[in-house]
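Listing of final_33.txt, compact mmCIF, C-alpha atoms and all ligand atoms
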# COMPACT_ATOMS: atom_id res chain seq x y z
CA MET A 23 0.00 0.00 0.00
CA PRO A 24 1.63 3.28 -1.10
CA ASP A 25 2.05 5.53 1.93
CA VAL A 26 2.16 9.27 1.15
CA ASP A 27 2.06 12.51 3.07
CA VAL A 28 -0.08 14.55 0.68
CA LEU A 29 -2.34 13.04 -1.97
CA VAL A 30 -3.75 15.62 -4.39
CA VAL A 31 -6.75 14.42 -6.40
CA GLY A 32 -7.13 16.24 -9.75
CA ALA A 33 -4.36 17.92 -11.78
CA GLY A 34 -6.09 21.12 -12.93
CA PRO A 35 -4.60 24.48 -11.90
CA ALA A 36 -5.65 24.03 -8.24
CA GLY A 37 -4.16 20.56 -7.90
CA ALA A 38 -0.93 21.19 -9.76
CA VAL A 39 -0.23 24.31 -7.72
CA ALA A 40 -1.20 22.55 -4.46
CA ALA A 41 1.28 19.72 -5.14
CA TRP A 42 3.96 22.15 -6.30
CA GLN A 43 3.62 24.44 -3.28
CA ALA A 44 3.34 21.62 -0.74
CA LYS A 45 6.64 20.26 -2.03
CA LEU A 46 8.29 23.69 -2.01
CA ALA A 47 7.07 24.31 1.54
CA ALA A 48 8.26 20.93 2.84
CA PRO A 49 10.62 19.13 0.42
CA GLU A 50 10.90 16.10 2.72
CA LEU A 51 7.22 15.18 2.22
CA ASP A 52 5.96 12.58 -0.27
CA VAL A 53 3.49 14.37 -2.49
CA VAL A 54 1.48 12.56 -5.18
CA LEU A 55 -0.73 14.29 -7.76
CA LEU A 56 -3.40 12.14 -9.44
CA GLU A 57 -5.09 12.91 -12.76
CA ARG A 58 -7.91 10.74 -13.99
CA ASP A 59 -7.54 11.74 -17.67
CA ARG A 60 -4.80 10.29 -19.81
CA ALA A 61 -3.10 13.67 -20.20
CA VAL A 62 -2.99 16.67 -17.91
CA GLY A 63 -4.79 19.60 -19.56
CA ALA A 64 -6.96 17.66 -22.00
CA PRO A 65 -9.78 17.86 -22.78
CA VAL A 66 -10.07 21.64 -22.36
CA ARG A 67 -13.33 22.81 -20.80
CA CYS A 68 -12.56 26.50 -20.59
CA ALA A 69 -12.53 29.78 -22.52
CA GLU A 70 -8.94 30.20 -21.25
CA GLY A 71 -9.02 33.90 -20.28
CA VAL A 72 -7.02 35.22 -17.30
CA GLY A 73 -5.98 38.59 -15.92
CA ASP A 74 -2.33 39.55 -16.00
CA ALA A 75 -1.66 40.25 -12.32
CA GLY A 76 -3.08 36.99 -10.95
CA LEU A 77 -1.28 34.92 -13.55
CA ARG A 78 2.08 36.53 -12.83
CA GLU A 79 1.89 35.38 -9.21
CA PHE A 80 2.57 31.90 -10.57
CA ALA A 81 4.25 32.15 -13.97
CA ASN A 82 5.66 34.63 -16.46
CA PRO A 83 3.48 34.75 -19.59
CA ASP A 84 5.90 36.86 -21.69
CA GLY A 85 6.95 34.63 -24.58
CA ALA A 86 5.57 31.49 -22.90
CA ASP A 87 4.45 28.69 -25.23
CA TRP A 88 1.33 28.16 -23.10
CA VAL A 89 -0.08 31.55 -24.09
CA SER A 90 -2.33 31.91 -27.17
CA ARG A 91 -2.97 35.64 -27.16
CA ARG A 92 -2.36 38.87 -25.27
CA ILE A 93 -5.50 40.94 -24.67
CA THR A 94 -5.72 44.70 -24.17
CA ASP A 95 -9.37 45.63 -24.77
CA VAL A 96 -12.76 44.58 -23.45
CA ILE A 97 -15.86 45.02 -25.61
CA PHE A 98 -19.25 44.78 -23.94
CA GLU A 99 -22.20 44.11 -26.18
CA ALA A 100 -25.82 44.90 -25.41
CA PRO A 101 -28.67 42.61 -26.51
CA ASP A 102 -29.21 44.81 -29.61
CA ASP A 103 -25.46 44.43 -30.48
CA THR A 104 -24.54 47.99 -29.41
CA GLN A 105 -20.86 47.82 -28.48
CA VAL A 106 -19.21 49.57 -25.54
CA ILE A 107 -15.48 49.49 -26.18
CA LEU A 108 -13.11 49.73 -23.24
CA ALA A 109 -9.80 50.13 -25.02
CA ASN A 110 -6.59 49.48 -23.06
CA SER A 111 -8.71 48.60 -20.06
CA GLY A 112 -6.16 46.26 -18.57
CA ARG A 113 -3.95 43.44 -19.62
CA GLY A 114 -5.06 39.86 -19.88
CA TRP A 115 -4.19 36.65 -21.63
CA ILE A 116 -5.88 33.82 -23.45
CA LEU A 117 -4.05 30.69 -22.39
CA ASP A 118 -3.52 27.42 -24.18
CA ARG A 119 -4.92 25.39 -21.27
CA THR A 120 -3.59 22.08 -22.59
CA ARG A 121 -0.07 23.44 -22.42
CA PHE A 122 -0.63 25.62 -19.37
CA ASP A 123 -2.00 22.85 -17.16
CA ALA A 124 0.83 20.58 -18.32
CA PHE A 125 3.32 23.34 -17.50
CA LEU A 126 1.95 23.66 -13.95
CA ALA A 127 2.04 19.88 -13.44
CA ALA A 128 5.63 19.87 -14.72
CA GLU A 129 6.50 22.53 -12.12
CA ALA A 130 5.02 20.26 -9.45
CA ALA A 131 7.10 17.36 -10.78
CA ARG A 132 10.23 19.54 -10.93
CA ALA A 133 9.70 20.40 -7.26
CA GLY A 134 9.66 16.65 -6.53
CA ALA A 135 5.97 15.71 -6.56
CA GLN A 136 5.01 12.46 -8.29
CA VAL A 137 2.46 13.04 -11.06
CA LEU A 138 0.29 10.09 -12.12
CA VAL A 139 -1.96 10.33 -15.20
CA GLY A 140 -4.77 7.92 -15.99
CA ALA A 141 -5.14 7.51 -12.22
CA GLU A 142 -8.63 8.05 -10.81
CA ALA A 143 -9.58 8.21 -7.14
CA THR A 144 -12.76 6.15 -6.80
CA ALA A 145 -13.44 6.09 -3.04
CA MET A 146 -11.97 7.26 0.23
CA SER A 147 -12.44 6.37 3.88
CA ARG A 148 -10.79 6.88 7.26
CA ASN A 149 -9.72 4.07 9.54
CA GLY A 150 -9.07 5.50 12.98
CA ASP A 151 -5.30 5.83 12.43
CA GLU A 152 -5.48 9.49 11.32
CA ARG A 153 -4.92 8.53 7.69
CA TRP A 154 -7.18 8.54 4.64
CA TYR A 155 -7.36 5.35 2.58
CA VAL A 156 -7.95 6.36 -1.02
CA ARG A 157 -8.84 3.78 -3.65
CA VAL A 158 -7.15 4.60 -6.96
CA LYS A 159 -7.84 2.98 -10.30
CA GLU A 160 -4.83 3.04 -12.60
CA ARG A 161 -4.44 1.06 -15.84
CA GLY A 162 -7.14 -1.37 -14.80
CA ARG A 163 -5.51 -1.98 -11.42
CA ASP A 164 -6.88 -0.94 -8.04
CA ASP A 165 -4.46 0.45 -5.45
CA VAL A 166 -5.15 1.91 -2.03
CA TYR A 167 -3.09 4.96 -1.05
CA ARG A 168 -2.66 5.84 2.61
CA ALA A 169 -2.39 9.61 3.03
CA ARG A 170 -1.97 12.03 5.94
CA VAL A 171 -3.71 14.80 4.03
CA VAL A 172 -5.89 14.52 0.93
CA ILE A 173 -6.39 17.69 -1.12
CA GLY A 174 -9.51 17.51 -3.27
CA THR A 175 -8.95 19.54 -6.43
CA ASP A 176 -11.25 17.42 -8.55
CA GLY A 177 -13.27 20.24 -10.10
CA VAL A 178 -17.00 20.97 -10.29
CA GLU A 179 -18.08 17.36 -9.89
CA THR A 180 -15.93 16.88 -6.79
CA MET A 181 -16.24 13.53 -5.10
CA VAL A 182 -13.47 14.09 -2.55
CA GLY A 183 -15.58 16.76 -0.83
CA ARG A 184 -18.55 14.42 -0.69
CA TRP A 185 -16.49 11.44 0.51
CA ALA A 186 -15.15 13.66 3.30
CA GLY A 187 -18.69 14.66 4.32
CA LEU A 188 -18.45 18.30 3.16
CA ASP A 189 -21.52 20.01 1.78
CA THR A 190 -20.68 20.66 -1.88
CA ARG A 191 -24.24 20.96 -3.18
CA VAL A 192 -24.94 23.78 -5.64
CA PRO A 193 -28.28 25.60 -5.81
CA ALA A 194 -29.68 25.16 -9.34
CA ARG A 195 -29.86 28.94 -9.83
CA ASP A 196 -26.08 29.12 -9.32
CA MET A 197 -25.03 26.48 -11.84
CA GLU A 198 -24.32 27.69 -15.35
CA SER A 199 -24.27 25.20 -18.20
CA CYS A 200 -21.74 26.30 -20.79
CA ALA A 201 -21.16 25.36 -24.41
CA GLN A 202 -18.30 26.57 -26.57
CA TYR A 203 -16.96 26.18 -30.10
CA VAL A 204 -13.51 26.92 -31.39
CA LEU A 205 -14.46 28.96 -34.46
CA GLN A 206 -12.05 29.55 -37.35
CA GLY A 207 -12.26 32.06 -40.17
CA ILE A 208 -14.25 34.72 -38.29
CA ASP A 209 -13.85 38.47 -38.20
CA PHE A 210 -13.26 40.29 -34.89
CA ASN A 211 -10.64 42.38 -33.08
CA PRO A 212 -8.03 39.80 -31.98
CA ASP A 213 -6.78 42.06 -29.16
CA ALA A 214 -10.19 42.23 -27.45
CA ILE A 215 -12.46 39.92 -25.53
CA TYR A 216 -16.17 40.32 -26.29
CA LEU A 217 -18.85 39.81 -23.63
CA GLN A 218 -22.51 39.99 -24.65
CA PHE A 219 -25.21 40.20 -21.99
CA SER A 220 -28.77 39.38 -22.97
CA ASN A 221 -31.56 37.31 -21.48
CA ALA A 222 -32.54 36.23 -24.99
CA ILE A 223 -29.02 35.12 -25.96
CA ALA A 224 -27.68 33.68 -22.69
CA PRO A 225 -30.18 33.85 -19.78
CA GLY A 226 -28.47 33.97 -16.40
CA GLY A 227 -24.99 34.12 -17.96
CA TYR A 228 -23.30 35.77 -20.92
CA ALA A 229 -21.88 34.99 -24.33
CA TRP A 230 -18.18 35.43 -25.11
CA VAL A 231 -15.61 35.62 -27.88
CA PHE A 232 -12.08 34.99 -26.57
CA PRO A 233 -9.43 35.26 -29.33
CA LYS A 234 -6.93 32.44 -29.76
CA GLY A 235 -5.35 34.21 -32.73
CA VAL A 236 -6.29 36.27 -35.77
CA GLY A 237 -9.59 34.86 -37.09
CA VAL A 238 -9.84 32.08 -34.50
CA ALA A 239 -11.56 32.24 -31.11
CA ASN A 240 -13.26 30.38 -28.31
CA VAL A 241 -16.89 31.36 -28.84
CA GLY A 242 -19.29 30.25 -26.17
CA LEU A 243 -21.96 31.06 -23.65
CA GLY A 244 -23.32 30.05 -20.27
CA VAL A 245 -26.99 29.73 -19.29
CA VAL A 246 -28.79 29.00 -16.06
CA ALA A 247 -31.23 26.18 -16.89
CA LEU A 248 -33.89 27.59 -14.54
CA LYS A 249 -34.01 30.74 -16.65
CA SER A 250 -33.93 29.13 -20.07
CA ASP A 251 -36.89 28.85 -22.44
CA GLY A 252 -36.36 25.10 -22.74
CA ARG A 253 -33.32 25.21 -25.01
CA ASN A 254 -30.03 23.85 -23.67
CA ALA A 255 -26.71 25.73 -23.78
CA ARG A 256 -25.69 24.24 -27.12
CA GLN A 257 -28.98 25.22 -28.75
CA TYR A 258 -28.59 28.80 -27.47
CA LEU A 259 -25.02 28.79 -28.79
CA ASP A 260 -26.00 27.44 -32.19
CA ASP A 261 -28.61 30.17 -32.56
CA TRP A 262 -26.14 32.89 -31.54
CA VAL A 263 -23.26 31.64 -33.68
CA THR A 264 -25.47 31.15 -36.74
CA ARG A 265 -26.56 34.77 -36.53
CA ARG A 266 -23.26 36.25 -35.46
CA PHE A 267 -20.61 34.23 -37.34
CA PRO A 268 -22.49 32.46 -40.16
CA GLY A 269 -19.30 31.72 -42.10
CA GLY A 270 -17.24 30.40 -39.16
CA SER A 271 -15.89 26.83 -39.20
CA ARG A 272 -16.52 24.90 -36.00
CA THR A 273 -13.31 23.02 -35.30
CA GLY A 274 -13.78 22.27 -31.62
CA TYR A 275 -16.64 21.85 -29.17
CA THR A 276 -16.81 21.61 -25.40
CA VAL A 277 -19.41 21.71 -22.65
CA GLY A 278 -18.98 22.22 -18.92
CA GLY A 279 -20.50 23.57 -15.75
CA VAL A 280 -19.50 26.74 -13.94
CA ILE A 281 -20.56 27.19 -10.33
CA VAL A 282 -21.39 30.86 -9.81
CA HIS A 283 -21.97 30.48 -6.09
CA THR A 284 -19.89 31.35 -3.03
CA THR A 285 -17.24 29.24 -1.30
CA ILE A 286 -18.68 26.18 0.44
CA THR A 287 -19.14 26.84 4.15
CA LYS A 288 -16.48 24.32 5.16
CA THR A 289 -13.51 23.50 2.91
CA TYR A 290 -11.69 21.29 5.44
CA GLY A 291 -12.08 18.28 7.67
CA ASP A 292 -9.77 15.90 9.53
CA GLY A 293 -6.89 15.32 7.09
CA VAL A 294 -8.69 16.82 4.11
CA LEU A 295 -8.92 20.11 2.20
CA VAL A 296 -10.73 21.07 -0.98
CA ALA A 297 -9.60 23.82 -3.36
CA GLY A 298 -10.58 25.46 -6.64
CA ASP A 299 -13.87 24.57 -8.35
CA ALA A 300 -14.27 21.70 -5.87
CA GLY A 301 -14.73 24.32 -3.13
CA HIS A 302 -16.83 26.68 -5.33
CA MET A 303 -14.03 29.23 -5.42
CA ILE A 304 -14.96 30.72 -8.79
CA ASN A 305 -15.64 34.43 -9.05
CA PRO A 306 -19.46 34.37 -9.06
CA LEU A 307 -19.72 37.54 -11.13
CA SER A 308 -17.29 36.78 -13.95
CA GLY A 309 -17.33 32.97 -13.81
CA GLY A 310 -13.51 33.02 -13.90
CA GLY A 311 -11.85 30.35 -11.82
CA ILE A 312 -8.33 29.67 -13.11
CA THR A 313 -6.44 32.20 -11.01
CA ASN A 314 -8.64 31.57 -7.99
CA ALA A 315 -7.94 27.85 -8.29
CA MET A 316 -4.19 28.50 -8.31
CA LYS A 317 -4.41 30.83 -5.32
CA ALA A 318 -6.50 28.32 -3.37
CA GLY A 319 -4.15 25.51 -4.43
CA ARG A 320 -1.18 27.44 -3.11
CA LEU A 321 -2.89 27.98 0.25
CA ALA A 322 -3.98 24.33 0.45
CA GLY A 323 -0.50 23.00 -0.36
CA CYS A 324 1.18 25.26 2.18
CA HIS A 325 -1.35 24.58 4.95
CA ALA A 326 -1.21 20.82 4.37
CA ALA A 327 2.59 20.86 4.52
CA ALA A 328 2.67 22.97 7.68
CA ALA A 329 0.08 20.74 9.39
CA ILE A 330 2.03 17.57 8.61
CA ARG A 331 5.25 19.12 9.86
CA ALA A 332 3.47 20.10 13.07
CA ARG A 333 2.08 16.51 13.33
CA ASP A 334 -1.41 17.90 13.60
CA THR A 335 -3.70 17.31 10.61
CA SER A 336 -6.86 17.71 12.64
CA GLU A 337 -9.87 19.60 11.38
CA ARG A 338 -9.17 22.30 13.96
CA ARG A 339 -5.69 22.95 12.64
CA LEU A 340 -6.72 22.77 8.96
CA SER A 341 -9.51 25.31 9.51
CA ALA A 342 -6.73 27.92 9.23
CA TYR A 343 -6.75 27.18 5.47
CA HIS A 344 -10.42 28.11 5.20
CA ASN A 345 -9.87 31.34 7.14
CA ALA A 346 -6.90 32.28 4.95
CA TRP A 347 -8.94 31.69 1.77
CA MET A 348 -11.90 33.69 3.06
CA GLU A 349 -9.60 36.57 3.89
CA LEU A 350 -7.85 36.38 0.51
CA LEU A 351 -10.89 36.13 -1.80
CA GLY A 352 -13.80 34.28 -0.19
CA GLU A 353 -15.20 37.36 1.54
CA ASP A 354 -15.00 39.32 -1.73
CA HIS A 355 -16.90 36.54 -3.49
CA LEU A 356 -19.77 36.98 -1.02
CA LYS A 357 -19.99 40.61 -2.14
CA TYR A 358 -19.67 39.74 -5.85
CA TYR A 359 -22.45 37.24 -5.40
CA ARG A 360 -24.76 39.97 -4.10
CA LEU A 361 -23.72 42.10 -7.04
CA LYS A 362 -24.55 39.26 -9.42
CA GLN A 363 -27.99 38.89 -7.87
CA ALA A 364 -28.65 42.61 -8.31
CA LEU A 365 -27.52 42.53 -11.95
CA GLU A 366 -29.78 39.55 -12.68
CA HIS A 367 -32.80 41.85 -12.48
CA MET A 368 -31.75 43.92 -15.49
CA ASP A 369 -33.86 43.22 -18.56
CA ASP A 370 -32.69 43.53 -22.17
CA ALA A 371 -34.28 46.96 -22.65
CA PHE A 372 -32.32 48.29 -19.64
CA LEU A 373 -29.09 46.72 -20.94
CA ASN A 374 -29.59 48.40 -24.32
CA SER A 375 -30.12 51.79 -22.69
CA LEU A 376 -27.13 51.22 -20.40
CA ALA A 377 -24.90 50.65 -23.43
CA ARG A 378 -26.08 53.90 -24.99
CA THR A 379 -25.44 55.79 -21.72
CA MET A 380 -21.91 54.36 -21.55
CA ASN A 381 -21.21 55.38 -25.12
CA SER A 382 -22.08 58.97 -24.23
CA ILE A 383 -19.09 58.95 -21.83
CA ALA A 384 -15.74 59.87 -23.39
CA PRO A 385 -13.77 56.65 -24.21
CA SER A 386 -10.89 57.70 -21.93
CA LYS A 387 -13.31 57.90 -18.97
CA ARG A 388 -15.10 54.60 -19.66
CA THR A 389 -14.06 52.02 -17.10
CA LEU A 390 -15.44 48.67 -16.00
CA GLY A 391 -16.16 50.17 -12.59
CA ARG A 392 -18.22 52.93 -14.25
CA VAL A 393 -20.19 50.44 -16.36
CA LEU A 394 -21.14 48.47 -13.24
CA THR A 395 -21.82 51.61 -11.27
CA HIS A 396 -24.29 52.82 -13.92
CA ALA A 397 -25.89 49.40 -13.98
CA LEU A 398 -26.43 49.55 -10.24
CA ILE A 399 -28.11 52.91 -9.98
CA ARG A 400 -31.07 51.12 -8.40
CA HIS A 401 -28.78 49.39 -5.86
CA PRO A 402 -26.55 52.23 -4.64
CA GLN A 403 -25.30 50.25 -1.62
CA LEU A 404 -23.45 47.95 -4.03
CA ILE A 405 -21.74 50.68 -6.04
CA PRO A 406 -18.51 50.75 -3.95
CA VAL A 407 -18.25 46.97 -4.41
CA ALA A 408 -18.78 47.39 -8.16
CA ALA A 409 -16.16 50.08 -8.40
CA ARG A 410 -13.62 47.76 -6.74
CA PHE A 411 -14.50 44.72 -8.82
CA PHE A 412 -12.08 45.06 -11.71
CA VAL A 413 -9.51 47.31 -10.03
C1 LIG A 501 -16.94 26.52 -20.75
C2 LIG A 501 -16.09 27.08 -19.63
C3 LIG A 501 -15.37 28.26 -19.85
C4 LIG A 501 -14.57 28.77 -18.81
N1 LIG A 501 -13.82 29.88 -19.07
C5 LIG A 501 -13.00 30.38 -18.12
C6 LIG A 501 -12.16 31.50 -18.39
O1 LIG A 501 -12.12 32.02 -19.50
N2 LIG A 501 -11.36 31.95 -17.39
C7 LIG A 501 -11.36 31.38 -16.15
O2 LIG A 501 -10.62 31.86 -15.26
N3 LIG A 501 -12.13 30.32 -15.86
C8 LIG A 501 -12.94 29.78 -16.81
N4 LIG A 501 -13.69 28.68 -16.55
C9 LIG A 501 -13.59 28.07 -15.22
C10 LIG A 501 -12.26 27.31 -15.11
O3 LIG A 501 -12.12 26.40 -16.17
C11 LIG A 501 -12.19 26.57 -13.77
O4 LIG A 501 -12.55 27.47 -12.74
C12 LIG A 501 -10.78 26.04 -13.49
O5 LIG A 501 -10.40 25.08 -14.45
C13 LIG A 501 -10.76 25.41 -12.08
O6 LIG A 501 -9.57 24.71 -11.86
P1 LIG A 501 -9.57 23.45 -10.89
O7 LIG A 501 -8.17 23.00 -10.82
O8 LIG A 501 -10.30 23.76 -9.64
O9 LIG A 501 -10.48 22.36 -11.62
P2 LIG A 501 -10.32 21.67 -13.04
O10 LIG A 501 -9.54 22.53 -13.98
O11 LIG A 501 -11.68 21.25 -13.44
O12 LIG A 501 -9.44 20.38 -12.75
C14 LIG A 501 -9.96 19.26 -12.07
C15 LIG A 501 -9.17 18.05 -12.51
O13 LIG A 501 -9.49 16.94 -11.65
C16 LIG A 501 -9.55 15.77 -12.44
N5 LIG A 501 -10.35 14.80 -11.67
C17 LIG A 501 -11.67 14.86 -11.38
N6 LIG A 501 -12.05 13.82 -10.62
C18 LIG A 501 -10.93 13.08 -10.41
C19 LIG A 501 -10.68 11.87 -9.70
N7 LIG A 501 -11.66 11.23 -9.05
N8 LIG A 501 -9.42 11.37 -9.71
C20 LIG A 501 -8.42 12.00 -10.37
N9 LIG A 501 -8.61 13.16 -11.08
C21 LIG A 501 -9.85 13.69 -11.08
C22 LIG A 501 -10.21 16.24 -13.72
O14 LIG A 501 -9.98 15.33 -14.79
C23 LIG A 501 -9.52 17.59 -13.93
O15 LIG A 501 -8.34 17.50 -14.68
C24 LIG A 501 -14.50 28.12 -17.55
C25 LIG A 501 -15.24 26.94 -17.34
C26 LIG A 501 -16.02 26.44 -18.37
C27 LIG A 501 -16.78 25.16 -18.13
Could you take the file, read its structure, and then write that structure out as structure tokens?
Ligand SMILES: Cc1cc2nc3c(=O)[nH]c(=O)nc-3n(C[C@H](O)[C@H](O)[C@H](O)COP(=O)(O)OP(=O)(O)OC[C@H]3O[C@@H](n4cnc5c(N)ncnc54)[C@H](O)[C@@H]3O)c2cc1C
Amino acid sequence: MPDVDVLVVGAGPAGAVAAWQAKLAAPELDVVLLERDRAVGAPVRCAEGVGDAGLREFANPDGADWVSRRITDVIFEAPDDTQVILANSGRGWILDRTRFDAFLAAEAARAGAQVLVGAEATAMSRNGDERWYVRVKERGRDDVYRARVVIGTDGVETMVGRWAGLDTRVPARDMESCAQYVLQGIDFNPDAIYLQFSNAIAPGGYAWVFPKGVGVANVGLGVVALKSDGRNARQYLDDWVTRRFPGGSRTGYTVGGVIVHTTITKTYGDGVLVAGDAGHMINPLSGGGITNAMKAGRLAGCHAAAAIRARDTSERRLSAYHNAWMELLGEDHLKYYRLKQALEHMDDAFLNSLARTMNSIAPSKRTLGRVLTHALIRHPQLIPVAARFFV
């Protein structure tokens, strides 16, 4: 029976960074990172957009082969296609997630973690000896790993959280179903991301165009099923793409869920932590979760390592991880969630008029904070939160 100090389940951004940072924090520990798929980073279920500052906390994107495109502009689109252009509104990147996730896992391996692909955790239990016993299926064989701390970074469908008795349920109104094509041969500004808000196009979410290069982009949308007219996300996407990019070639397709909720109330237990999508650590307003996952993974790896060194992996000790996350971003997500709820009440007519109001402001004075602030005129108590959102 393999005996390890830290077993990380799921090699997305949260898991790779958790394994990497646990090893950096305590090189003497045995750290194993499991990935159920045959390759880290594939298949991609993501539009691959990240902000510059958060990314640089972990890796330098300048000239990196895991970057597809540098972004400088954001273009908001109203339901009637009116565009509000925020030029030079901040720097961001469109990643190549297949390469990026592999890069992060390679960093974990370089730090000394063992990375296993095609290795799926299928069950987990505790036996009274302060260890978790995790059943792992690898190449048709079943192994049981004994671990002091298990870090669940197994994404939206997390099982680790459930096996550990954590409440990872998602209210239906906070689960977005997303569908996305890679579209080739389409016309758009390759230095800009496009976000279109409309209850008719993407109820409860938004539609996006994230450039991968000149003429090629991730084009997708997210919908909340409770708000849909009976169509699923792919049907909404087909209707939008047919109207918007009739000549585009669909060379890739993906679906996935995004949890636009707040952090689960308890992300820890005896000898266990959950991080990233598994802990609902996505920004509920933007639906972005890559950077958050890495930040949570870093905290989880460091807290797990420190707890093992201190020979105390109890729930009480590991609760410090939850507190650190809440202080870092979790508390902000509670505010963004309230903001999201307020914005949900805007109908398409209001969104169209908002776009026209924004366009009457000089381009140099148009900021994301101002857009949100105008949108929230009816909820003035949330305006300071809105102004801080994209700062
Ligand atoms: C359509 C779509 C578009 C998105 N666009 C963006 C975007 O543009 N920007 C952004 O920031 N975020 C975006 N997101 C969200 C982002 O993809 C996630 O927040 C991010 O990937 C979370 O990282 P993670 O490591 O927590 O989970 P994941 O990246 O989901 O990684 C979890 C890993 O665990 C593995 N796994 C699961 N179960 C097991 C098991 N039992 N044993 C072993 N391995 C297991 C999975 O195979 C997977 O590799 C998007 C999501 C979707 C669905």
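Proximity ranking of A:Gln206, A:Val28, A:Val54, A:Ala143 relative to Pro268 in chain A places A:Gln206 first, based on all atoms listed in the file.
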If you take every atom of ligand LIG 501 (chain A) that the file lists and fit an axis-aligned box around them with 5 Å extra on each side, what centre and edge lengths come out in Å to one decimal, as JSON?
{"center_x": -12.6, "center_y": 21.6, "center_z": -14.9, "size_x": 18.8, "size_y": 30.8, "size_z": 21.7}
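The gap separating CA of Glu349 in chain A from CA of Val96 in chain A is 28.7 Å, in Å to one decimal.
Separating CA of Trp185 in chain A from CA of Gly32 in chain A is a distance of 14.7 Å.
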To one decimal place, how far is CA of Asp354 in chain A from CA of Ile286 in chain A in Å? 13.8 Å
Near-ligand residues for ligand LIG 501 (chain A), threshold 6 Å, only C-alpha atoms and all ligand atoms, as a PyMOL selection string: chain A and resi 31-37+56-59+67-72+141-144+175-177+200-202+277-280+298-300+304+310-313+315
Determine, for each residue of range 225-290 of chain A having at least one atom at most 7 Å from an atom of range 87-91 of chain A, the closest pair of atoms and their separation in Å to one decimal, counting only C-alpha atoms; order by chain and ascending number, as a tab-separated table.
residue	atom	partner	partner_atom	distance
A:Pro233	CA	A:Arg91	CA	6.8
A:Lys234	CA	A:Ser90	CA	5.3
A:Gly235	CA	A:Arg91	CA	6.2
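Shortest atom-to-atom contact with Trp154 in chain A among A:Thr264, A:Thr335, A:Gln257, A:Thr389: A:Thr335, counting only C-alpha atoms.
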Arg266 in chain A proximity check over A:Glu129, A:Arg253, A:Phe210, A:Arg338, using all atoms listed in the file: winner is A:Phe210
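With distances taken over all atoms listed in the file, A:Val53 is the one residue among A:Val393, A:Ala384, A:Ala86, A:Val53 lying closest to Arg168 in chain A.
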Near Ala48 in chain A, counting only C-alpha atoms, which residues have an atom at most 8 Å away, once you skip same-chain residues fewer than 2 positions from it, shown as a VMD selection string? chain A and resid 44 to 46 50 to 51 327 to 328 331
Hey, can you spit out that residue selection with C-alpha atoms as a PDB file, in the frame of the given file?
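Here's the written file selection13.pdb:
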ATOM      1  CA  ALA A  44       3.340  21.620  -0.740  1.00  0.00           C
ATOM      2  CA  LYS A  45       6.640  20.260  -2.030  1.00  0.00           C
ATOM      3  CA  LEU A  46       8.290  23.690  -2.010  1.00  0.00           C
ATOM      4  CA  GLU A  50      10.900  16.100   2.720  1.00  0.00           C
ATOM      5  CA  LEU A  51       7.220  15.180   2.220  1.00  0.00           C
ATOM      6  CA  ALA A 327       2.590  20.860   4.520  1.00  0.00           C
ATOM      7  CA  ALA A 328       2.670  22.970   7.680  1.00  0.00           C
ATOM      8  CA  ARG A 331       5.250  19.120   9.860  1.00  0.00           C
TER       9      ARG A 331
END
Pick out the residues sitting within 6 Å of range 224-227 of chain A, and hand them over as a VMD selection string; count only C-alpha atoms, and ignore anything fewer than 2 positions along from it in its own chain. chain A and resid 220 to 222 244 to 246 249
Can you find the residues with an atom no farther than 6 Å from (0.7, 17.7, -9.7), counting all atoms listed in the file, and report them as a PDB file with C-alpha atoms, in the frame of the given file?
ATOM      1  CA  ALA A  33      -4.360  17.920 -11.780  1.00  0.00           C
ATOM      2  CA  GLY A  37      -4.160  20.560  -7.900  1.00  0.00           C
ATOM      3  CA  ALA A  38      -0.930  21.190  -9.760  1.00  0.00           C
ATOM      4  CA  ALA A  41       1.280  19.720  -5.140  1.00  0.00           C
ATOM      5  CA  LEU A  55      -0.730  14.290  -7.760  1.00  0.00           C
ATOM      6  CA  ALA A 127       2.040  19.880 -13.440  1.00  0.00           C
ATOM      7  CA  ALA A 130       5.020  20.260  -9.450  1.00  0.00           C
ATOM      8  CA  VAL A 137       2.460  13.040 -11.060  1.00  0.00           C
TER       9      VAL A 137
END
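When all atoms listed in the file are used to measure the gap to Glu198 in chain A, the shortest distance among A:Asp84, A:Leu243, A:Leu376, A:Arg256 belongs to A:Leu243.
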Quick one: residues within 10 Å of Ala342 in chain A, only C-alpha atoms, excluding same-chain residues fewer than 2 positions away - as number ranges by chain? A: 290, 321-322, 325, 329, 337-340, 344-348
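For the choices A:Val39, A:Met368, A:Ala214, A:Leu356, the atom-to-atom distance to Ala131 in chain A is smallest for A:Val39 when using only C-alpha atoms.
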For a quick check of your reading of the model, name the residues lying within 8 Å of the coordinate (-3.1, 22.0, -23.1), counting only C-alpha atoms, and write them as a VMD selection string. chain A and resid 62 to 66 88 118 to 124
